Structures are given as structure tokens and as C-alpha cells.
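*Asks:* Following this line is target.pdb, made up of PDB, N, CA and C atoms:
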ATOM      1  N   MET A  19      29.135 -41.669  -1.034
ATOM      2  CA  MET A  19      27.885 -42.217  -0.562
ATOM      3  C   MET A  19      26.746 -41.463  -1.229
ATOM      4  N   ALA A  20      25.905 -42.168  -1.892
ATOM      5  CA  ALA A  20      24.807 -41.542  -2.627
ATOM      6  C   ALA A  20      23.675 -41.211  -1.670
ATOM      7  N   HIS A  21      23.154 -40.026  -1.833
ATOM      8  CA  HIS A  21      22.009 -39.614  -1.024
ATOM      9  C   HIS A  21      20.731 -40.029  -1.742
ATOM     10  N   PRO A  22      19.801 -40.566  -0.991
ATOM     11  CA  PRO A  22      18.545 -40.936  -1.644
ATOM     12  C   PRO A  22      17.836 -39.671  -2.128
ATOM     13  N   THR A  23      17.287 -39.782  -3.302
ATOM     14  CA  THR A  23      16.560 -38.621  -3.822
ATOM     15  C   THR A  23      15.221 -38.524  -3.115
ATOM     16  N   THR A  24      14.935 -37.341  -2.712
ATOM     17  CA  THR A  24      13.657 -37.126  -2.041
ATOM     18  C   THR A  24      12.824 -36.202  -2.894
ATOM     19  N   GLN A  25      11.598 -36.534  -3.003
ATOM     20  CA  GLN A  25      10.679 -35.696  -3.748
ATOM     21  C   GLN A  25      10.118 -34.661  -2.785
ATOM     22  N   PRO A  26       9.974 -33.415  -3.253
ATOM     23  CA  PRO A  26       9.401 -32.409  -2.372
ATOM     24  C   PRO A  26       7.967 -32.779  -2.031
ATOM     25  N   THR A  27       7.626 -32.550  -0.803
ATOM     26  CA  THR A  27       6.265 -32.862  -0.393
ATOM     27  C   THR A  27       5.338 -31.796  -0.923
ATOM     28  N   GLN A  28       4.266 -32.239  -1.497
ATOM     29  CA  GLN A  28       3.282 -31.303  -2.016
ATOM     30  C   GLN A  28       2.173 -31.160  -0.995
ATOM     31  N   GLU A  29       2.009 -29.938  -0.539
ATOM     32  CA  GLU A  29       0.925 -29.699   0.392
ATOM     33  C   GLU A  29      -0.361 -29.670  -0.406
ATOM     34  N   LYS A  30      -1.347 -30.356   0.102
ATOM     35  CA  LYS A  30      -2.615 -30.370  -0.595
ATOM     36  C   LYS A  30      -3.335 -29.074  -0.295
ATOM     37  N   THR A  31      -3.724 -28.390  -1.344
ATOM     38  CA  THR A  31      -4.413 -27.126  -1.160
ATOM     39  C   THR A  31      -5.857 -27.388  -0.799
ATOM     40  N   PRO A  32      -6.500 -26.431  -0.144
ATOM     41  CA  PRO A  32      -7.923 -26.619   0.153
ATOM     42  C   PRO A  32      -8.696 -26.826  -1.147
ATOM     43  N   ASP A  33      -9.790 -27.599  -1.054
ATOM     44  CA  ASP A  33     -10.542 -27.968  -2.240
ATOM     45  C   ASP A  33     -11.015 -26.758  -3.032
ATOM     46  N   ARG A  34     -11.411 -25.689  -2.362
ATOM     47  CA  ARG A  34     -11.941 -24.525  -3.062
ATOM     48  C   ARG A  34     -10.861 -23.835  -3.891
ATOM     49  N   ARG A  35      -9.605 -24.043  -3.553
ATOM     50  CA  ARG A  35      -8.527 -23.387  -4.266
ATOM     51  C   ARG A  35      -7.754 -24.339  -5.165
ATOM     52  N   MET A  36      -8.177 -25.585  -5.234
ATOM     53  CA  MET A  36      -7.438 -26.556  -6.037
ATOM     54  C   MET A  36      -7.423 -26.114  -7.480
ATOM     55  N   GLN A  37      -6.287 -26.199  -8.089
ATOM     56  CA  GLN A  37      -6.146 -25.816  -9.489
ATOM     57  C   GLN A  37      -6.179 -27.097 -10.319
ATOM     58  N   PHE A  38      -7.365 -27.455 -10.738
ATOM     59  CA  PHE A  38      -7.565 -28.715 -11.427
ATOM     60  C   PHE A  38      -6.814 -28.785 -12.745
ATOM     61  N   HIS A  39      -6.546 -27.654 -13.366
ATOM     62  CA  HIS A  39      -5.846 -27.679 -14.653
ATOM     63  C   HIS A  39      -4.399 -28.142 -14.511
ATOM     64  N   THR A  40      -3.866 -28.169 -13.286
ATOM     65  CA  THR A  40      -2.487 -28.603 -13.092
ATOM     66  C   THR A  40      -2.378 -30.103 -12.837
ATOM     67  N   LEU A  41      -3.500 -30.787 -12.634
ATOM     68  CA  LEU A  41      -3.489 -32.211 -12.315
ATOM     69  C   LEU A  41      -3.455 -33.059 -13.579
ATOM     70  N   SER A  42      -2.877 -34.218 -13.439
ATOM     71  CA  SER A  42      -2.920 -35.174 -14.550
ATOM     72  C   SER A  42      -4.323 -35.781 -14.595
ATOM     73  N   GLU A  43      -4.607 -36.487 -15.659
ATOM     74  CA  GLU A  43      -5.941 -37.067 -15.808
ATOM     75  C   GLU A  43      -6.262 -38.032 -14.672
ATOM     76  N   SER A  44      -5.289 -38.883 -14.311
ATOM     77  CA  SER A  44      -5.551 -39.861 -13.245
ATOM     78  C   SER A  44      -5.736 -39.174 -11.898
ATOM     79  N   GLU A  45      -4.951 -38.126 -11.634
ATOM     80  CA  GLU A  45      -5.112 -37.394 -10.371
ATOM     81  C   GLU A  45      -6.473 -36.707 -10.322
ATOM     82  N   LEU A  46      -6.883 -36.142 -11.446
ATOM     83  CA  LEU A  46      -8.165 -35.458 -11.510
ATOM     84  C   LEU A  46      -9.311 -36.425 -11.267
ATOM     85  N   LEU A  47      -9.243 -37.591 -11.918
ATOM     86  CA  LEU A  47     -10.309 -38.583 -11.742
ATOM     87  C   LEU A  47     -10.355 -39.097 -10.311
ATOM     88  N   SER A  48      -9.197 -39.279  -9.673
ATOM     89  CA  SER A  48      -9.207 -39.762  -8.291
ATOM     90  C   SER A  48      -9.692 -38.673  -7.335
ATOM     91  N   GLU A  49      -9.460 -37.419  -7.668
ATOM     92  CA  GLU A  49      -9.893 -36.317  -6.803
ATOM     93  C   GLU A  49     -11.397 -36.079  -6.901
ATOM     94  N   LEU A  50     -11.932 -36.126  -8.112
ATOM     95  CA  LEU A  50     -13.346 -35.794  -8.313
ATOM     96  C   LEU A  50     -14.284 -36.987  -8.228
ATOM     97  N   ASN A  51     -13.754 -38.203  -8.391
ATOM     98  CA  ASN A  51     -14.578 -39.411  -8.359
ATOM     99  C   ASN A  51     -15.819 -39.265  -9.234
ATOM    100  N   PRO A  52     -15.645 -39.190 -10.553
ATOM    101  CA  PRO A  52     -16.804 -38.992 -11.423
ATOM    102  C   PRO A  52     -17.740 -40.196 -11.396
ATOM    103  N   ILE A  53     -18.993 -39.922 -11.626
ATOM    104  CA  ILE A  53     -20.015 -40.971 -11.625
ATOM    105  C   ILE A  53     -20.572 -41.063 -13.041
ATOM    106  N   PRO A  54     -20.336 -42.182 -13.747
ATOM    107  CA  PRO A  54     -20.770 -42.288 -15.145
ATOM    108  C   PRO A  54     -22.274 -42.095 -15.331
ATOM    109  N   ALA A  55     -23.084 -42.544 -14.386
ATOM    110  CA  ALA A  55     -24.535 -42.448 -14.529
ATOM    111  C   ALA A  55     -25.062 -41.072 -14.131
ATOM    112  N   GLY A  56     -24.220 -40.224 -13.597
ATOM    113  CA  GLY A  56     -24.671 -38.906 -13.151
ATOM    114  C   GLY A  56     -24.779 -38.860 -11.633
ATOM    115  N   MET A  57     -24.985 -37.678 -11.107
ATOM    116  CA  MET A  57     -25.043 -37.502  -9.651
ATOM    117  C   MET A  57     -26.473 -37.351  -9.173
ATOM    118  N   THR A  58     -26.670 -37.726  -7.956
ATOM    119  CA  THR A  58     -27.953 -37.457  -7.321
ATOM    120  C   THR A  58     -27.928 -36.022  -6.797
ATOM    121  N   SER A  59     -29.069 -35.524  -6.399
ATOM    122  CA  SER A  59     -29.143 -34.156  -5.873
ATOM    123  C   SER A  59     -28.292 -34.010  -4.619
ATOM    124  N   GLU A  60     -28.275 -35.063  -3.783
ATOM    125  CA  GLU A  60     -27.481 -35.008  -2.550
ATOM    126  C   GLU A  60     -25.984 -34.930  -2.871
ATOM    127  N   GLN A  61     -25.555 -35.711  -3.850
ATOM    128  CA  GLN A  61     -24.147 -35.677  -4.248
ATOM    129  C   GLN A  61     -23.781 -34.310  -4.836
ATOM    130  N   ALA A  62     -24.691 -33.740  -5.602
ATOM    131  CA  ALA A  62     -24.446 -32.422  -6.176
ATOM    132  C   ALA A  62     -24.330 -31.377  -5.069
ATOM    133  N   GLU A  63     -25.174 -31.446  -4.057
ATOM    134  CA  GLU A  63     -25.109 -30.497  -2.940
ATOM    135  C   GLU A  63     -23.793 -30.636  -2.179
ATOM    136  N   ILE A  64     -23.334 -31.876  -1.997
ATOM    137  CA  ILE A  64     -22.060 -32.102  -1.309
ATOM    138  C   ILE A  64     -20.920 -31.479  -2.094
ATOM    139  N   ARG A  65     -20.951 -31.645  -3.423
ATOM    140  CA  ARG A  65     -19.882 -31.067  -4.250
ATOM    141  C   ARG A  65     -19.947 -29.541  -4.276
ATOM    142  N   VAL A  66     -21.152 -28.991  -4.222
ATOM    143  CA  VAL A  66     -21.265 -27.530  -4.161
ATOM    144  C   VAL A  66     -20.670 -27.030  -2.856
ATOM    145  N   GLU A  67     -20.929 -27.730  -1.756
ATOM    146  CA  GLU A  67     -20.342 -27.335  -0.466
ATOM    147  C   GLU A  67     -18.821 -27.484  -0.498
ATOM    148  N   ARG A  68     -18.339 -28.538  -1.137
ATOM    149  CA  ARG A  68     -16.903 -28.813  -1.147
ATOM    150  C   ARG A  68     -16.137 -27.917  -2.125
ATOM    151  N   PHE A  69     -16.671 -27.760  -3.355
ATOM    152  CA  PHE A  69     -15.946 -27.046  -4.392
ATOM    153  C   PHE A  69     -16.501 -25.654  -4.681
ATOM    154  N   GLY A  70     -17.696 -25.365  -4.213
ATOM    155  CA  GLY A  70     -18.304 -24.068  -4.518
ATOM    156  C   GLY A  70     -19.116 -24.149  -5.792
ATOM    157  N   HIS A  71     -19.856 -23.078  -6.054
ATOM    158  CA  HIS A  71     -20.686 -23.023  -7.253
ATOM    159  C   HIS A  71     -19.816 -22.908  -8.492
ATOM    160  N   ASN A  72     -20.339 -23.350  -9.596
ATOM    161  CA  ASN A  72     -19.631 -23.304 -10.873
ATOM    162  C   ASN A  72     -19.886 -21.948 -11.524
ATOM    163  N   ASP A  73     -19.394 -20.905 -10.884
ATOM    164  CA  ASP A  73     -19.596 -19.542 -11.366
ATOM    165  C   ASP A  73     -18.256 -18.902 -11.679
ATOM    166  N   ILE A  74     -18.286 -18.009 -12.640
ATOM    167  CA  ILE A  74     -17.117 -17.195 -12.939
ATOM    168  C   ILE A  74     -17.288 -15.900 -12.171
ATOM    169  N   SER A  75     -16.285 -15.550 -11.388
ATOM    170  CA  SER A  75     -16.399 -14.325 -10.607
ATOM    171  C   SER A  75     -16.323 -13.125 -11.542
ATOM    172  N   PRO A  76     -17.185 -12.141 -11.325
ATOM    173  CA  PRO A  76     -17.190 -10.977 -12.214
ATOM    174  C   PRO A  76     -15.918 -10.154 -12.032
ATOM    175  N   LEU A  77     -15.438  -9.617 -13.132
ATOM    176  CA  LEU A  77     -14.257  -8.779 -13.082
ATOM    177  C   LEU A  77     -14.642  -7.391 -12.597
ATOM    178  N   ARG A  78     -13.755  -6.812 -11.800
ATOM    179  CA  ARG A  78     -14.003  -5.443 -11.371
ATOM    180  C   ARG A  78     -13.683  -4.529 -12.543
ATOM    181  N   LYS A  79     -14.617  -3.681 -12.861
ATOM    182  CA  LYS A  79     -14.379  -2.758 -13.958
ATOM    183  C   LYS A  79     -13.672  -1.532 -13.407
ATOM    184  N   ARG A  80     -12.515  -1.242 -13.988
ATOM    185  CA  ARG A  80     -11.754  -0.076 -13.543
ATOM    186  C   ARG A  80     -12.345   1.181 -14.157
ATOM    187  N   PRO A  81     -12.315   2.260 -13.419
ATOM    188  CA  PRO A  81     -12.833   3.519 -13.969
ATOM    189  C   PRO A  81     -12.060   3.935 -15.227
ATOM    190  N   PHE A  82     -12.752   4.646 -16.120
ATOM    191  CA  PHE A  82     -12.167   5.071 -17.384
ATOM    192  C   PHE A  82     -10.906   5.896 -17.155
ATOM    193  N   LEU A  83     -10.921   6.799 -16.173
ATOM    194  CA  LEU A  83      -9.764   7.659 -15.925
ATOM    195  C   LEU A  83      -8.523   6.844 -15.585
ATOM    196  N   LEU A  84      -8.680   5.804 -14.764
ATOM    197  CA  LEU A  84      -7.532   4.957 -14.421
ATOM    198  C   LEU A  84      -7.020   4.197 -15.642
ATOM    199  N   ARG A  85      -7.940   3.687 -16.449
ATOM    200  CA  ARG A  85      -7.510   2.984 -17.663
ATOM    201  C   ARG A  85      -6.775   3.926 -18.611
ATOM    202  N   PHE A  86      -7.237   5.196 -18.709
ATOM    203  CA  PHE A  86      -6.585   6.174 -19.564
ATOM    204  C   PHE A  86      -5.194   6.511 -19.039
ATOM    205  N   LEU A  87      -5.081   6.723 -17.728
ATOM    206  CA  LEU A  87      -3.802   7.118 -17.145
ATOM    207  C   LEU A  87      -2.762   5.997 -17.175
ATOM    208  N   GLU A  88      -3.197   4.752 -17.253
ATOM    209  CA  GLU A  88      -2.252   3.640 -17.316
ATOM    210  C   GLU A  88      -1.400   3.679 -18.580
ATOM    211  N   HIS A  89      -1.889   4.328 -19.609
ATOM    212  CA  HIS A  89      -1.124   4.429 -20.850
ATOM    213  C   HIS A  89       0.099   5.325 -20.689
ATOM    214  N   PHE A  90       0.126   6.138 -19.675
ATOM    215  CA  PHE A  90       1.227   7.078 -19.480
ATOM    216  C   PHE A  90       2.288   6.530 -18.529
ATOM    217  N   ARG A  91       2.214   5.259 -18.181
ATOM    218  CA  ARG A  91       3.205   4.656 -17.291
ATOM    219  C   ARG A  91       4.485   4.276 -18.027
ATOM    220  N   ASN A  92       4.477   4.316 -19.323
ATOM    221  CA  ASN A  92       5.633   3.971 -20.138
ATOM    222  C   ASN A  92       6.682   5.073 -20.034
ATOM    223  N   LEU A  93       7.942   4.723 -19.849
ATOM    224  CA  LEU A  93       9.018   5.695 -19.684
ATOM    225  C   LEU A  93       9.158   6.592 -20.907
ATOM    226  N   MET A  94       9.071   6.036 -22.097
ATOM    227  CA  MET A  94       9.225   6.831 -23.310
ATOM    228  C   MET A  94       8.115   7.871 -23.427
ATOM    229  N   ILE A  95       6.893   7.486 -23.068
ATOM    230  CA  ILE A  95       5.779   8.431 -23.100
ATOM    231  C   ILE A  95       6.038   9.567 -22.119
ATOM    232  N   MET A  96       6.535   9.251 -20.936
ATOM    233  CA  MET A  96       6.833  10.293 -19.944
ATOM    234  C   MET A  96       7.898  11.251 -20.466
ATOM    235  N   ILE A  97       8.939  10.717 -21.087
ATOM    236  CA  ILE A  97      10.004  11.572 -21.631
ATOM    237  C   ILE A  97       9.444  12.490 -22.714
ATOM    238  N   LEU A  98       8.606  11.963 -23.585
ATOM    239  CA  LEU A  98       8.022  12.777 -24.646
ATOM    240  C   LEU A  98       7.094  13.857 -24.084
ATOM    241  N   LEU A  99       6.325  13.530 -23.059
ATOM    242  CA  LEU A  99       5.443  14.523 -22.440
ATOM    243  C   LEU A  99       6.240  15.636 -21.767
ATOM    244  N   ILE A 100       7.309  15.265 -21.085
ATOM    245  CA  ILE A 100       8.158  16.271 -20.434
ATOM    246  C   ILE A 100       8.821  17.152 -21.484
ATOM    247  N   ALA A 101       9.293  16.559 -22.566
ATOM    248  CA  ALA A 101       9.906  17.333 -23.645
ATOM    249  C   ALA A 101       8.890  18.288 -24.269
ATOM    250  N   ALA A 102       7.656  17.834 -24.452
ATOM    251  CA  ALA A 102       6.614  18.697 -25.013
ATOM    252  C   ALA A 102       6.303  19.839 -24.055
ATOM    253  N   LEU A 103       6.258  19.564 -22.762
ATOM    254  CA  LEU A 103       5.997  20.608 -21.768
ATOM    255  C   LEU A 103       7.117  21.640 -21.749
ATOM    256  N   ILE A 104       8.360  21.185 -21.787
ATOM    257  CA  ILE A 104       9.508  22.097 -21.810
ATOM    258  C   ILE A 104       9.472  22.936 -23.089
ATOM    259  N   SER A 105       9.169  22.303 -24.205
ATOM    260  CA  SER A 105       9.100  23.014 -25.474
ATOM    261  C   SER A 105       7.996  24.075 -25.445
ATOM    262  N   TYR A 106       6.900  23.778 -24.786
ATOM    263  CA  TYR A 106       5.787  24.727 -24.682
ATOM    264  C   TYR A 106       6.147  25.895 -23.763
ATOM    265  N   LEU A 107       6.814  25.598 -22.636
ATOM    266  CA  LEU A 107       7.129  26.631 -21.648
ATOM    267  C   LEU A 107       8.276  27.528 -22.090
ATOM    268  N   ILE A 108       9.189  27.045 -22.900
ATOM    269  CA  ILE A 108      10.340  27.824 -23.350
ATOM    270  C   ILE A 108      10.197  28.021 -24.861
ATOM    271  N   PRO A 109       9.512  29.070 -25.285
ATOM    272  CA  PRO A 109       9.319  29.272 -26.710
ATOM    273  C   PRO A 109      10.609  29.680 -27.407
ATOM    274  N   SER A 110      10.711  29.310 -28.632
ATOM    275  CA  SER A 110      11.886  29.642 -29.431
ATOM    276  C   SER A 110      11.756  31.080 -29.919
ATOM    277  N   PRO A 111      12.778  31.959 -29.712
ATOM    278  CA  PRO A 111      12.687  33.353 -30.164
ATOM    279  C   PRO A 111      12.526  33.446 -31.670
ATOM    280  N   GLY A 112      13.158  32.585 -32.432
ATOM    281  CA  GLY A 112      13.042  32.621 -33.885
ATOM    282  C   GLY A 112      11.632  32.337 -34.337
ATOM    283  N   LEU A 113      10.923  31.458 -33.621
ATOM    284  CA  LEU A 113       9.552  31.113 -33.971
ATOM    285  C   LEU A 113       8.625  32.297 -33.773
ATOM    286  N   VAL A 114       8.856  33.069 -32.687
ATOM    287  CA  VAL A 114       7.997  34.218 -32.399
ATOM    288  C   VAL A 114       8.181  35.275 -33.497
ATOM    289  N   LYS A 115       9.406  35.502 -33.942
ATOM    290  CA  LYS A 115       9.667  36.501 -34.980
ATOM    291  C   LYS A 115       9.026  36.089 -36.308
ATOM    292  N   ARG A 116       9.041  34.771 -36.612
ATOM    293  CA  ARG A 116       8.463  34.320 -37.877
ATOM    294  C   ARG A 116       6.936  34.441 -37.872
ATOM    295  N   ILE A 117       6.312  34.207 -36.724
ATOM    296  CA  ILE A 117       4.864  34.277 -36.642
ATOM    297  C   ILE A 117       4.387  35.729 -36.735
ATOM    298  N   VAL A 118       5.129  36.653 -36.058
ATOM    299  CA  VAL A 118       4.726  38.078 -36.009
ATOM    300  C   VAL A 118       5.170  38.768 -37.213
TER     301      VAL A 118
END
What does this structure look like when you write it as C-alpha cells?

*Replies:*
Amino acid sequence: MAHPTTQPTQEKTPDRRMQFHTLSESELLSELNPIPAGMTSEQAEIRVERFGHNDISPLRKRPFLLRFLEHFRNLMIMILLIAALISYLIPSPGLVKRIV
């Protein structure tokens, strides 16, 4: 007995969070209802209330120290730093004799 195929139900996201880039052209046109002659001020205000302002949110600038320290999150870098620290703390006796 064949089971009818069911399509997953898509929950409609709130308008402010709608990801328009994921919609097809026909879905986008039906959602936004474009007006070829342009919008009136009242229509523009309604869309601002519904979709929000057409602004790009500013990126938070991370402090320089955090950006610098992020470079040391790599495992290989950590191994090299630990090896350099060990090499510094345990001097080679042959090296001391050659320098002196």
C-alpha cells in the first residue's frame, strides 16, 4: 500500500525575519505585492512598520587584542609555541659552551 507523499509544512516566519533571498520570484512578488507606479507615503510607512527600515546593522568591532589572540587558536601554532617555550626554559648545555 503506497503512502501518500506529504510535503513538510513550512512555518511562515515573521515578516521582519523573512529571508527573501530564499524565495522564488513568484513567491517574492506575491509576498511584497510590488506597485509598478510606485508607493504612496502611507504604503511606504506600512512597509516600514511591517519589514523595518532598509538599514544594514553595524558590525560590532572586536577589540584588537581579541583579534590578535584568535590567531593562536590553531593547534599547530599552540604546539609550536609550547615547543619554543620548552626550548627556552631548558637550554642546551652544548649551546652554552659554544657561546662562552

*Asks:* What does the structure give for the distance between atom C of Gly56 (chain A) and atom N of Asp73 (chain A), in Å to one decimal?

*Replies:*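 Distance reported for this atom pair: 18.8 Å.
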
*Asks:* Please compute the CA of Leu103 (chain A)-CA of Phe90 (chain A) distance, one decimal, in Å.

*Replies:*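 Rounded to one decimal, the two atoms are 14.5 Å apart.
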
*Asks:* Quick one, how far is CA of Gln61 (chain A) from CA of Ile74 (chain A)?

*Replies:*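 These two atoms are separated by 21.6 Å.
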